[in-house]
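A short write-up of the structure that comes next.
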Amino acid sequence: QVQLVESGGGLVQPGGSLTLFCELTGSSFSAYNLKWFRQAPGKERELVASLDLVGSSDYADSVKGRFSISKDRFTSTGKLQMDSLKPEDTATYYCSAVRGSRTFWGQGTQVTVSP
C-alpha cells in the first residue's frame, strides 16, 4: 500500500524559504513520478512542479526560478525547496506519486507566507 506524508510547512515571512518533504511508504521514488500541487482557499488545485523518472523537471510559471523539486530515487523522499516566497504562495501543498493511471496523494501541509 503506497502512502505519502508531507511535512515541512509553516509560517514564513515574504522573501523567506521553506523546504517541504514527501515521505513515501510501500514503494520508492525509483518507480514513481513526483508531483507537487497546491490549493489556496477558494481556488482550484494547481500543479506547481513535477519530476519524472528520467529526472526531467517542470514548473508552473509562477514559481520558476524560486522553487526546486527533487527526489531520492532509491529511498522514499521527495522534496520541494521554496525560496523567495510570496504571500500568493500561501496554500496547502500536496505531493503525489504517479505511475501510469495510478496516482497517490498525501494529506497536505500548510504553507503561509505573511509578514
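To be explicit about the labels: the chains of the C-alpha cells are called A, B, and onward in the order shown, and within each one the residues are counted from 1, while ligands get numbers from 1 in the order they are shown.
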- Which residues come within 8 Å of Gln110 in chain A, counting only C-alpha atoms, excluding same-chain residues fewer than 6 positions away, as number ranges by chain? A: 9-10, 90-93
Got time to write the residues from that selection, C-alpha atoms, as a CSV table (one decimal), in the first residue's frame?
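result-v2.csv written:
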chain,number,residue,atom,x,y,z
A,9,GLY,CA,5.1,23.5,6.1
A,10,GLY,CA,4.7,26.5,8.3
A,90,THR,CA,0.1,30.7,0.6
A,91,ALA,CA,-1.7,27.4,0.2
A,92,THR,CA,-2.0,23.8,1.2
A,93,TYR,CA,0.7,21.9,-0.6
Counting only C-alpha atoms, which residues of range 75-106 of chain A sit at most 8 Å from some atom of range 21-32 of chain A, and what is each one's closest atom pair with its distance in Å to one decimal, listed by chain and rising residue number, as a Markdown table?
| residue | atom | partner | partner_atom | distance |
| --- | --- | --- | --- | --- |
| A:Thr75 | CA | A:Ser28 | CA | 5.5 |
| A:Ser76 | CA | A:Leu24 | CA | 4.8 |
| A:Thr77 | CA | A:Glu23 | CA | 4.8 |
| A:Gly78 | CA | A:Cys22 | CA | 4.8 |
| A:Lys79 | CA | A:Phe21 | CA | 4.6 |
| A:Leu80 | CA | A:Phe21 | CA | 6.5 |
| A:Cys95 | CA | A:Cys22 | CA | 6.3 |
| A:Ala97 | CA | A:Tyr32 | CA | 5.5 |
| A:Val98 | CA | A:Tyr32 | CA | 5.3 |
| A:Arg99 | CA | A:Tyr32 | CA | 5.3 |
| A:Gly106 | CA | A:Cys22 | CA | 7.9 |
Taking the DSSP assignment computed from this structure's backbone, write out as a compact mmCIF listing (two decimals) with all heavy atoms, in the first residue's frame all residues of chain A that belong to strand (DSSP E or B).
# COMPACT_ATOMS: atom_id res chain seq x y z
N GLN A 3 1.65 5.00 0.48
CA GLN A 3 1.15 6.14 1.23
C GLN A 3 2.18 7.26 1.20
O GLN A 3 3.38 7.01 1.13
CB GLN A 3 0.84 5.74 2.68
CG GLN A 3 -0.32 4.77 2.81
CD GLN A 3 -0.67 4.48 4.25
OE1 GLN A 3 0.21 4.31 5.10
NE2 GLN A 3 -1.96 4.42 4.55
N LEU A 4 1.68 8.49 1.23
CA LEU A 4 2.53 9.67 1.19
C LEU A 4 2.24 10.56 2.39
O LEU A 4 1.06 10.77 2.73
CB LEU A 4 2.29 10.47 -0.09
CG LEU A 4 2.58 9.76 -1.41
CD1 LEU A 4 2.04 10.57 -2.58
CD2 LEU A 4 4.06 9.54 -1.57
N VAL A 5 3.29 11.12 2.98
CA VAL A 5 3.12 12.04 4.09
C VAL A 5 4.00 13.26 3.84
O VAL A 5 5.22 13.13 3.70
CB VAL A 5 3.50 11.40 5.44
CG1 VAL A 5 3.38 12.42 6.56
CG2 VAL A 5 2.62 10.19 5.72
N GLU A 6 3.37 14.44 3.78
CA GLU A 6 4.12 15.68 3.61
C GLU A 6 4.48 16.26 4.98
O GLU A 6 3.77 16.05 5.97
CB GLU A 6 3.29 16.73 2.86
CG GLU A 6 2.86 16.34 1.47
CD GLU A 6 1.46 15.79 1.45
OE1 GLU A 6 0.99 15.28 2.49
OE2 GLU A 6 0.81 15.85 0.38
N SER A 7 5.56 17.02 4.98
CA SER A 7 5.97 17.75 6.18
C SER A 7 6.77 18.97 5.75
O SER A 7 7.17 19.08 4.58
CB SER A 7 6.79 16.86 7.12
OG SER A 7 7.98 16.44 6.48
N GLY A 10 4.67 25.61 7.18
CA GLY A 10 4.68 26.50 8.33
C GLY A 10 4.44 27.93 7.91
O GLY A 10 4.02 28.21 6.78
N LEU A 11 4.74 28.83 8.83
CA LEU A 11 4.59 30.26 8.61
C LEU A 11 5.95 30.87 8.31
O LEU A 11 6.92 30.62 9.06
CB LEU A 11 3.97 30.92 9.84
CG LEU A 11 3.88 32.44 9.86
CD1 LEU A 11 2.94 32.92 8.75
CD2 LEU A 11 3.42 32.93 11.22
N VAL A 12 6.03 31.66 7.26
CA VAL A 12 7.29 32.28 6.88
C VAL A 12 7.01 33.68 6.37
O VAL A 12 5.93 33.95 5.81
CB VAL A 12 8.03 31.42 5.82
CG1 VAL A 12 7.23 31.34 4.54
CG2 VAL A 12 9.43 31.93 5.56
N LEU A 18 11.28 27.83 2.62
CA LEU A 18 10.81 26.62 3.29
C LEU A 18 11.17 25.42 2.43
O LEU A 18 11.23 25.54 1.20
CB LEU A 18 9.29 26.64 3.48
CG LEU A 18 8.68 27.41 4.65
CD1 LEU A 18 7.16 27.34 4.57
CD2 LEU A 18 9.18 26.88 5.99
N THR A 19 11.37 24.30 3.09
CA THR A 19 11.58 23.05 2.38
C THR A 19 10.48 22.07 2.77
O THR A 19 10.28 21.80 3.96
CB THR A 19 12.94 22.43 2.72
OG1 THR A 19 13.97 23.38 2.43
CG2 THR A 19 13.18 21.17 1.90
N LEU A 20 9.77 21.59 1.78
CA LEU A 20 8.73 20.59 2.00
C LEU A 20 9.29 19.20 1.68
O LEU A 20 10.06 19.04 0.74
CB LEU A 20 7.51 20.86 1.12
CG LEU A 20 6.86 22.22 1.27
CD1 LEU A 20 5.60 22.29 0.39
CD2 LEU A 20 6.53 22.54 2.71
N PHE A 21 8.87 18.23 2.49
CA PHE A 21 9.29 16.86 2.29
C PHE A 21 8.08 15.97 2.04
O PHE A 21 6.99 16.22 2.56
CB PHE A 21 10.05 16.36 3.52
CG PHE A 21 11.30 17.12 3.79
CD1 PHE A 21 11.32 18.20 4.64
CD2 PHE A 21 12.49 16.74 3.16
CE1 PHE A 21 12.47 18.91 4.88
CE2 PHE A 21 13.67 17.45 3.40
CZ PHE A 21 13.65 18.53 4.26
N CYS A 22 8.31 14.93 1.27
CA CYS A 22 7.27 13.96 0.94
C CYS A 22 7.84 12.57 1.16
O CYS A 22 8.72 12.14 0.42
CB CYS A 22 6.84 14.15 -0.51
SG CYS A 22 5.60 12.98 -1.09
N GLU A 23 7.36 11.93 2.21
CA GLU A 23 7.84 10.59 2.53
C GLU A 23 6.88 9.57 1.96
O GLU A 23 5.69 9.59 2.25
CB GLU A 23 7.95 10.41 4.04
CG GLU A 23 8.93 11.36 4.70
CD GLU A 23 10.36 11.09 4.30
OE1 GLU A 23 10.68 9.93 3.95
OE2 GLU A 23 11.17 12.03 4.33
N LEU A 24 7.41 8.66 1.16
CA LEU A 24 6.62 7.63 0.52
C LEU A 24 6.88 6.29 1.21
O LEU A 24 8.05 5.92 1.39
CB LEU A 24 6.98 7.55 -0.97
CG LEU A 24 6.18 6.63 -1.87
CD1 LEU A 24 6.25 7.12 -3.32
CD2 LEU A 24 6.71 5.20 -1.82
N THR A 25 5.85 5.60 1.60
CA THR A 25 5.99 4.25 2.16
C THR A 25 5.27 3.25 1.27
O THR A 25 4.35 3.59 0.55
CB THR A 25 5.41 4.17 3.58
OG1 THR A 25 4.01 4.54 3.54
CG2 THR A 25 6.13 5.10 4.52
N ASN A 33 6.74 8.98 -10.70
CA ASN A 33 6.94 10.40 -10.92
C ASN A 33 6.47 11.14 -9.67
O ASN A 33 5.49 10.74 -9.03
CB ASN A 33 6.13 10.88 -12.12
CG ASN A 33 6.52 10.18 -13.40
OD1 ASN A 33 7.63 10.31 -13.86
ND2 ASN A 33 5.58 9.43 -13.96
N LEU A 34 7.15 12.22 -9.37
CA LEU A 34 6.79 13.04 -8.20
C LEU A 34 6.19 14.35 -8.69
O LEU A 34 6.75 15.00 -9.57
CB LEU A 34 8.04 13.33 -7.36
CG LEU A 34 7.90 14.38 -6.25
CD1 LEU A 34 6.92 13.92 -5.18
CD2 LEU A 34 9.26 14.70 -5.65
N LYS A 35 5.07 14.71 -8.09
CA LYS A 35 4.45 16.00 -8.42
C LYS A 35 4.05 16.71 -7.13
O LYS A 35 3.60 16.07 -6.18
CB LYS A 35 3.21 15.79 -9.31
CG LYS A 35 3.53 15.18 -10.66
CD LYS A 35 2.32 15.15 -11.57
CE LYS A 35 2.67 14.56 -12.93
NZ LYS A 35 1.56 14.65 -13.90
N TRP A 36 4.19 18.00 -7.15
CA TRP A 36 3.72 18.85 -6.06
C TRP A 36 2.60 19.74 -6.58
O TRP A 36 2.74 20.37 -7.63
CB TRP A 36 4.83 19.72 -5.50
CG TRP A 36 5.82 19.00 -4.65
CD1 TRP A 36 7.01 18.47 -5.04
CD2 TRP A 36 5.72 18.75 -3.25
NE1 TRP A 36 7.65 17.89 -3.97
CE2 TRP A 36 6.88 18.06 -2.86
CE3 TRP A 36 4.76 19.03 -2.28
CZ2 TRP A 36 7.11 17.65 -1.54
CZ3 TRP A 36 4.98 18.63 -0.97
CH2 TRP A 36 6.13 17.95 -0.61
N PHE A 37 1.51 19.78 -5.85
CA PHE A 37 0.37 20.63 -6.16
C PHE A 37 0.14 21.58 -4.98
O PHE A 37 0.64 21.35 -3.87
CB PHE A 37 -0.91 19.80 -6.36
CG PHE A 37 -0.92 18.94 -7.59
CD1 PHE A 37 -0.21 17.75 -7.63
CD2 PHE A 37 -1.64 19.32 -8.71
CE1 PHE A 37 -0.22 16.95 -8.76
CE2 PHE A 37 -1.66 18.52 -9.85
CZ PHE A 37 -0.95 17.33 -9.87
N ARG A 38 -0.65 22.60 -5.21
CA ARG A 38 -1.09 23.45 -4.11
C ARG A 38 -2.52 23.90 -4.36
O ARG A 38 -2.97 23.97 -5.50
CB ARG A 38 -0.17 24.66 -3.92
CG ARG A 38 -0.19 25.67 -5.05
CD ARG A 38 0.86 26.74 -4.80
NE ARG A 38 0.86 27.74 -5.85
CZ ARG A 38 1.78 28.70 -5.96
NH1 ARG A 38 2.77 28.79 -5.07
NH2 ARG A 38 1.70 29.58 -6.94
N GLN A 39 -3.18 24.20 -3.26
CA GLN A 39 -4.56 24.69 -3.35
C GLN A 39 -4.76 25.77 -2.30
O GLN A 39 -4.62 25.53 -1.10
CB GLN A 39 -5.55 23.55 -3.15
CG GLN A 39 -6.99 23.96 -3.42
CD GLN A 39 -7.93 22.77 -3.53
OE1 GLN A 39 -7.63 21.68 -3.06
NE2 GLN A 39 -9.07 22.98 -4.16
N GLU A 46 -3.65 23.42 -8.19
CA GLU A 46 -2.79 23.65 -9.34
C GLU A 46 -1.47 22.90 -9.20
O GLU A 46 -0.94 22.73 -8.09
CB GLU A 46 -2.51 25.15 -9.51
CG GLU A 46 -1.74 25.80 -8.39
CD GLU A 46 -1.29 27.22 -8.71
OE1 GLU A 46 -1.21 27.58 -9.89
OE2 GLU A 46 -0.98 27.94 -7.75
N LEU A 47 -0.95 22.48 -10.35
CA LEU A 47 0.33 21.80 -10.39
C LEU A 47 1.44 22.83 -10.24
O LEU A 47 1.50 23.80 -10.98
CB LEU A 47 0.49 21.04 -11.71
CG LEU A 47 1.81 20.32 -11.93
CD1 LEU A 47 2.02 19.23 -10.88
CD2 LEU A 47 1.84 19.72 -13.34
N VAL A 48 2.33 22.59 -9.29
CA VAL A 48 3.43 23.51 -9.01
C VAL A 48 4.72 23.03 -9.67
O VAL A 48 5.43 23.82 -10.29
CB VAL A 48 3.63 23.65 -7.48
CG1 VAL A 48 4.86 24.49 -7.19
CG2 VAL A 48 2.40 24.25 -6.84
N ALA A 49 5.02 21.75 -9.50
CA ALA A 49 6.28 21.22 -10.02
C ALA A 49 6.14 19.72 -10.22
O ALA A 49 5.37 19.06 -9.52
CB ALA A 49 7.43 21.50 -9.06
N SER A 50 6.90 19.21 -11.18
CA SER A 50 6.87 17.77 -11.45
C SER A 50 8.27 17.30 -11.78
O SER A 50 9.09 18.05 -12.32
CB SER A 50 5.89 17.43 -12.57
OG SER A 50 6.28 18.06 -13.77
N LEU A 51 8.52 16.03 -11.49
CA LEU A 51 9.82 15.42 -11.74
C LEU A 51 9.57 14.00 -12.20
O LEU A 51 8.97 13.20 -11.46
CB LEU A 51 10.66 15.44 -10.47
CG LEU A 51 12.07 14.87 -10.54
CD1 LEU A 51 12.92 15.66 -11.54
CD2 LEU A 51 12.73 14.93 -9.16
N SER A 57 12.42 17.91 -15.02
CA SER A 57 11.53 18.67 -14.14
C SER A 57 10.78 19.75 -14.92
O SER A 57 11.23 20.18 -15.98
CB SER A 57 12.32 19.30 -13.00
OG SER A 57 13.30 20.17 -13.50
N ASP A 58 9.67 20.15 -14.35
CA ASP A 58 8.87 21.22 -14.96
C ASP A 58 8.21 21.99 -13.82
O ASP A 58 7.93 21.43 -12.76
CB ASP A 58 7.82 20.64 -15.89
CG ASP A 58 7.24 21.68 -16.83
OD1 ASP A 58 7.86 22.76 -16.98
OD2 ASP A 58 6.17 21.44 -17.40
N TYR A 59 7.99 23.29 -14.08
CA TYR A 59 7.46 24.17 -13.04
C TYR A 59 6.37 25.07 -13.59
O TYR A 59 6.40 25.45 -14.76
CB TYR A 59 8.59 25.06 -12.48
CG TYR A 59 9.71 24.30 -11.83
CD1 TYR A 59 10.81 23.88 -12.57
CD2 TYR A 59 9.66 23.98 -10.47
CE1 TYR A 59 11.83 23.16 -11.98
CE2 TYR A 59 10.68 23.27 -9.87
CZ TYR A 59 11.76 22.86 -10.63
OH TYR A 59 12.78 22.14 -10.03
N PHE A 67 11.38 27.86 -6.97
CA PHE A 67 11.15 26.54 -6.39
C PHE A 67 12.02 25.51 -7.09
O PHE A 67 12.32 25.64 -8.29
CB PHE A 67 9.69 26.12 -6.55
CG PHE A 67 8.71 26.86 -5.67
CD1 PHE A 67 9.04 28.03 -5.01
CD2 PHE A 67 7.42 26.37 -5.54
CE1 PHE A 67 8.12 28.71 -4.22
CE2 PHE A 67 6.48 27.03 -4.75
CZ PHE A 67 6.84 28.20 -4.10
N SER A 68 12.38 24.46 -6.36
CA SER A 68 13.18 23.39 -6.94
C SER A 68 12.68 22.06 -6.41
O SER A 68 12.58 21.86 -5.20
CB SER A 68 14.65 23.59 -6.58
OG SER A 68 15.43 22.53 -7.10
N ILE A 69 12.38 21.14 -7.33
CA ILE A 69 11.87 19.82 -6.96
C ILE A 69 12.99 18.79 -7.08
O ILE A 69 13.83 18.87 -7.98
CB ILE A 69 10.67 19.44 -7.86
CG1 ILE A 69 10.00 18.15 -7.37
CG2 ILE A 69 11.08 19.34 -9.32
CD1 ILE A 69 8.70 17.83 -8.12
N SER A 70 13.00 17.85 -6.16
CA SER A 70 14.00 16.79 -6.23
C SER A 70 13.44 15.54 -5.53
O SER A 70 12.43 15.62 -4.82
CB SER A 70 15.31 17.23 -5.57
OG SER A 70 15.12 17.51 -4.20
N LYS A 71 14.10 14.45 -5.76
CA LYS A 71 13.74 13.22 -5.07
C LYS A 71 14.94 12.31 -5.04
O LYS A 71 15.84 12.39 -5.88
CB LYS A 71 12.58 12.50 -5.75
CG LYS A 71 12.86 12.03 -7.17
CD LYS A 71 11.67 11.28 -7.75
CE LYS A 71 11.93 10.85 -9.18
NZ LYS A 71 10.85 10.01 -9.75
N THR A 77 12.05 9.63 -0.34
CA THR A 77 11.92 11.05 0.00
C THR A 77 11.87 11.94 -1.23
O THR A 77 12.76 11.88 -2.07
CB THR A 77 13.08 11.51 0.89
OG1 THR A 77 13.15 10.68 2.05
CG2 THR A 77 12.88 12.95 1.33
N GLY A 78 10.85 12.74 -1.30
CA GLY A 78 10.76 13.79 -2.29
C GLY A 78 10.84 15.13 -1.60
O GLY A 78 10.58 15.24 -0.40
N LYS A 79 11.25 16.17 -2.32
CA LYS A 79 11.47 17.47 -1.70
C LYS A 79 11.04 18.59 -2.62
O LYS A 79 11.12 18.48 -3.84
CB LYS A 79 12.96 17.61 -1.35
CG LYS A 79 13.28 18.79 -0.48
CD LYS A 79 14.71 18.69 0.06
CE LYS A 79 15.73 18.99 -0.98
NZ LYS A 79 17.10 19.10 -0.41
N LEU A 80 10.56 19.66 -2.02
CA LEU A 80 10.28 20.89 -2.76
C LEU A 80 10.94 22.03 -1.99
O LEU A 80 10.51 22.39 -0.89
CB LEU A 80 8.78 21.14 -2.90
CG LEU A 80 8.40 22.35 -3.75
CD1 LEU A 80 8.78 22.11 -5.22
CD2 LEU A 80 6.91 22.67 -3.64
N GLN A 81 12.01 22.57 -2.56
CA GLN A 81 12.70 23.72 -1.97
C GLN A 81 12.04 24.98 -2.49
O GLN A 81 11.94 25.18 -3.70
CB GLN A 81 14.18 23.70 -2.35
CG GLN A 81 14.96 24.90 -1.84
CD GLN A 81 15.05 24.95 -0.33
OE1 GLN A 81 15.24 23.91 0.30
NE2 GLN A 81 14.89 26.13 0.25
N MET A 82 11.58 25.82 -1.57
CA MET A 82 10.86 27.03 -1.94
C MET A 82 11.60 28.24 -1.41
O MET A 82 11.76 28.39 -0.19
CB MET A 82 9.43 27.00 -1.39
CG MET A 82 8.66 25.74 -1.76
SD MET A 82 6.93 25.79 -1.26
CE MET A 82 7.12 25.85 0.52
N ALA A 91 -0.85 28.45 0.63
CA ALA A 91 -1.74 27.39 0.17
C ALA A 91 -1.46 26.12 0.97
O ALA A 91 -0.48 26.06 1.72
CB ALA A 91 -1.52 27.10 -1.32
N THR A 92 -2.31 25.12 0.77
CA THR A 92 -1.99 23.78 1.22
C THR A 92 -1.27 23.07 0.08
O THR A 92 -1.76 23.07 -1.05
CB THR A 92 -3.26 23.00 1.61
OG1 THR A 92 -3.93 23.71 2.66
CG2 THR A 92 -2.91 21.61 2.11
N TYR A 93 -0.12 22.50 0.40
CA TYR A 93 0.71 21.85 -0.60
C TYR A 93 0.57 20.33 -0.47
O TYR A 93 0.64 19.78 0.65
CB TYR A 93 2.17 22.27 -0.44
CG TYR A 93 2.44 23.66 -0.97
CD1 TYR A 93 1.96 24.79 -0.31
CD2 TYR A 93 3.15 23.85 -2.15
CE1 TYR A 93 2.18 26.05 -0.79
CE2 TYR A 93 3.39 25.13 -2.64
CZ TYR A 93 2.89 26.21 -1.96
OH TYR A 93 3.12 27.49 -2.46
N TYR A 94 0.40 19.69 -1.61
CA TYR A 94 0.21 18.24 -1.66
C TYR A 94 1.27 17.62 -2.57
O TYR A 94 1.54 18.13 -3.66
CB TYR A 94 -1.15 17.88 -2.25
CG TYR A 94 -2.34 18.42 -1.48
CD1 TYR A 94 -2.84 19.70 -1.76
CD2 TYR A 94 -2.97 17.66 -0.51
CE1 TYR A 94 -3.93 20.20 -1.06
CE2 TYR A 94 -4.06 18.15 0.19
CZ TYR A 94 -4.53 19.41 -0.09
OH TYR A 94 -5.62 19.89 0.59
N CYS A 95 1.83 16.51 -2.14
CA CYS A 95 2.67 15.75 -3.05
C CYS A 95 1.88 14.56 -3.58
O CYS A 95 0.93 14.09 -2.95
CB CYS A 95 3.96 15.28 -2.38
SG CYS A 95 3.77 14.04 -1.10
N SER A 96 2.26 14.13 -4.77
CA SER A 96 1.62 12.95 -5.35
C SER A 96 2.67 12.09 -6.04
O SER A 96 3.67 12.59 -6.55
CB SER A 96 0.53 13.35 -6.34
OG SER A 96 1.07 13.96 -7.48
N ALA A 97 2.43 10.80 -6.02
CA ALA A 97 3.27 9.82 -6.71
C ALA A 97 2.43 9.25 -7.85
O ALA A 97 1.31 8.77 -7.63
CB ALA A 97 3.71 8.72 -5.76
N VAL A 98 2.97 9.33 -9.06
CA VAL A 98 2.19 8.98 -10.25
C VAL A 98 2.94 7.93 -11.06
O VAL A 98 4.13 8.05 -11.33
CB VAL A 98 1.96 10.23 -11.13
CG1 VAL A 98 1.11 9.86 -12.34
CG2 VAL A 98 1.32 11.34 -10.33
N ARG A 99 2.18 6.90 -11.44
CA ARG A 99 2.72 5.91 -12.37
C ARG A 99 1.57 5.42 -13.23
O ARG A 99 0.62 4.82 -12.71
CB ARG A 99 3.37 4.74 -11.63
CG ARG A 99 4.03 3.73 -12.58
CD ARG A 99 4.80 2.67 -11.84
NE ARG A 99 3.94 1.81 -11.03
CZ ARG A 99 4.40 0.88 -10.20
NH1 ARG A 99 5.69 0.73 -10.05
NH2 ARG A 99 3.56 0.13 -9.52
N ARG A 102 -2.24 5.40 -12.16
CA ARG A 102 -2.35 5.39 -10.70
C ARG A 102 -1.72 6.64 -10.11
O ARG A 102 -0.58 6.99 -10.46
CB ARG A 102 -1.70 4.15 -10.11
CG ARG A 102 -2.24 2.85 -10.67
CD ARG A 102 -1.83 1.68 -9.82
NE ARG A 102 -2.56 1.65 -8.56
CZ ARG A 102 -2.31 0.79 -7.59
NH1 ARG A 102 -1.35 -0.10 -7.71
NH2 ARG A 102 -3.01 0.81 -6.48
N THR A 103 -2.44 7.29 -9.22
CA THR A 103 -1.95 8.47 -8.51
C THR A 103 -2.25 8.32 -7.03
O THR A 103 -3.38 8.02 -6.65
CB THR A 103 -2.62 9.75 -9.04
OG1 THR A 103 -2.32 9.91 -10.43
CG2 THR A 103 -2.09 10.96 -8.28
N PHE A 104 -1.22 8.54 -6.23
CA PHE A 104 -1.37 8.51 -4.78
C PHE A 104 -1.12 9.91 -4.24
O PHE A 104 -0.24 10.62 -4.74
CB PHE A 104 -0.39 7.51 -4.15
CG PHE A 104 -0.60 6.11 -4.62
CD1 PHE A 104 0.13 5.60 -5.70
CD2 PHE A 104 -1.52 5.28 -4.00
CE1 PHE A 104 -0.07 4.30 -6.14
CE2 PHE A 104 -1.71 3.98 -4.43
CZ PHE A 104 -0.99 3.49 -5.50
N TRP A 105 -1.88 10.29 -3.22
CA TRP A 105 -1.81 11.64 -2.66
C TRP A 105 -1.46 11.61 -1.19
O TRP A 105 -1.86 10.69 -0.46
CB TRP A 105 -3.17 12.34 -2.80
CG TRP A 105 -3.58 12.65 -4.20
CD1 TRP A 105 -4.33 11.86 -5.03
CD2 TRP A 105 -3.27 13.82 -4.94
NE1 TRP A 105 -4.50 12.49 -6.24
CE2 TRP A 105 -3.87 13.70 -6.22
CE3 TRP A 105 -2.54 14.98 -4.65
CZ2 TRP A 105 -3.75 14.68 -7.20
CZ3 TRP A 105 -2.44 15.95 -5.64
CH2 TRP A 105 -3.03 15.80 -6.89
N THR A 109 0.23 19.79 3.47
CA THR A 109 0.88 20.57 4.52
C THR A 109 0.67 22.05 4.21
O THR A 109 0.77 22.47 3.07
CB THR A 109 2.38 20.22 4.63
OG1 THR A 109 2.96 20.90 5.74
CG2 THR A 109 3.16 20.59 3.36
N GLN A 110 0.36 22.82 5.24
CA GLN A 110 0.01 24.22 5.06
C GLN A 110 1.25 25.10 5.00
O GLN A 110 2.14 24.98 5.85
CB GLN A 110 -0.90 24.70 6.20
CG GLN A 110 -1.29 26.17 6.12
CD GLN A 110 -2.18 26.48 4.93
OE1 GLN A 110 -3.02 25.67 4.55
NE2 GLN A 110 -1.99 27.65 4.34
N VAL A 111 1.28 25.97 4.01
CA VAL A 111 2.33 26.99 3.89
C VAL A 111 1.64 28.35 3.93
O VAL A 111 0.74 28.63 3.13
CB VAL A 111 3.12 26.83 2.59
CG1 VAL A 111 4.06 28.01 2.39
CG2 VAL A 111 3.90 25.52 2.60
N THR A 112 2.07 29.18 4.86
CA THR A 112 1.53 30.53 4.99
C THR A 112 2.67 31.53 4.90
O THR A 112 3.63 31.45 5.67
CB THR A 112 0.78 30.71 6.31
OG1 THR A 112 -0.27 29.74 6.40
CG2 THR A 112 0.17 32.11 6.40
N VAL A 113 2.56 32.44 3.94
CA VAL A 113 3.57 33.49 3.75
C VAL A 113 2.94 34.81 4.15
O VAL A 113 2.04 35.32 3.47
CB VAL A 113 4.08 33.53 2.31
CG1 VAL A 113 5.22 34.53 2.18
CG2 VAL A 113 4.53 32.14 1.86
- Could you name the residues that touch Gln13 in chain A at 10 Å or less, counting only C-alpha atoms, but leaving out those on the same chain fewer than 6 positions away, as JSON, numbers by chain? {"A": [84, 85, 86, 87, 112, 113, 114, 115]}
May I have the residues from that selection written out with N, CA, C and O atoms, as an mmCIF file, in the first residue's frame?
data_model
loop_
_atom_site.group_PDB
_atom_site.id
_atom_site.type_symbol
_atom_site.label_atom_id
_atom_site.label_comp_id
_atom_site.auth_asym_id
_atom_site.auth_seq_id
_atom_site.Cartn_x
_atom_site.Cartn_y
_atom_site.Cartn_z
ATOM 1 N N SER A 84 12.445 32.674 -1.869
ATOM 2 C CA SER A 84 11.834 33.953 -2.263
ATOM 3 C C SER A 84 10.310 33.861 -2.220
ATOM 4 O O SER A 84 9.613 34.255 -3.169
ATOM 5 N N LEU A 85 9.809 33.354 -1.128
ATOM 6 C CA LEU A 85 8.372 33.124 -1.020
ATOM 7 C C LEU A 85 7.580 34.424 -1.014
ATOM 8 O O LEU A 85 8.042 35.457 -0.502
ATOM 9 N N LYS A 86 6.395 34.346 -1.605
ATOM 10 C CA LYS A 86 5.500 35.495 -1.718
ATOM 11 C C LYS A 86 4.172 35.172 -1.023
ATOM 12 O O LYS A 86 3.814 33.996 -0.895
ATOM 13 N N PRO A 87 3.434 36.191 -0.623
ATOM 14 C CA PRO A 87 2.128 35.921 0.004
ATOM 15 C C PRO A 87 1.215 35.070 -0.873
ATOM 16 O O PRO A 87 0.442 34.250 -0.357
ATOM 17 N N THR A 112 2.074 29.183 4.859
ATOM 18 C CA THR A 112 1.533 30.535 4.986
ATOM 19 C C THR A 112 2.666 31.534 4.900
ATOM 20 O O THR A 112 3.629 31.454 5.665
ATOM 21 N N VAL A 113 2.558 32.443 3.942
ATOM 22 C CA VAL A 113 3.573 33.487 3.752
ATOM 23 C C VAL A 113 2.940 34.812 4.149
ATOM 24 O O VAL A 113 2.041 35.318 3.471
ATOM 25 N N SER A 114 3.423 35.375 5.241
ATOM 26 C CA SER A 114 2.806 36.584 5.780
ATOM 27 C C SER A 114 3.823 37.343 6.624
ATOM 28 O O SER A 114 4.645 36.730 7.293
ATOM 29 N N PRO A 115 3.744 38.689 6.603
ATOM 30 C CA PRO A 115 4.674 39.476 7.436
ATOM 31 C C PRO A 115 4.500 39.173 8.916
ATOM 32 O O PRO A 115 3.409 38.835 9.371
#
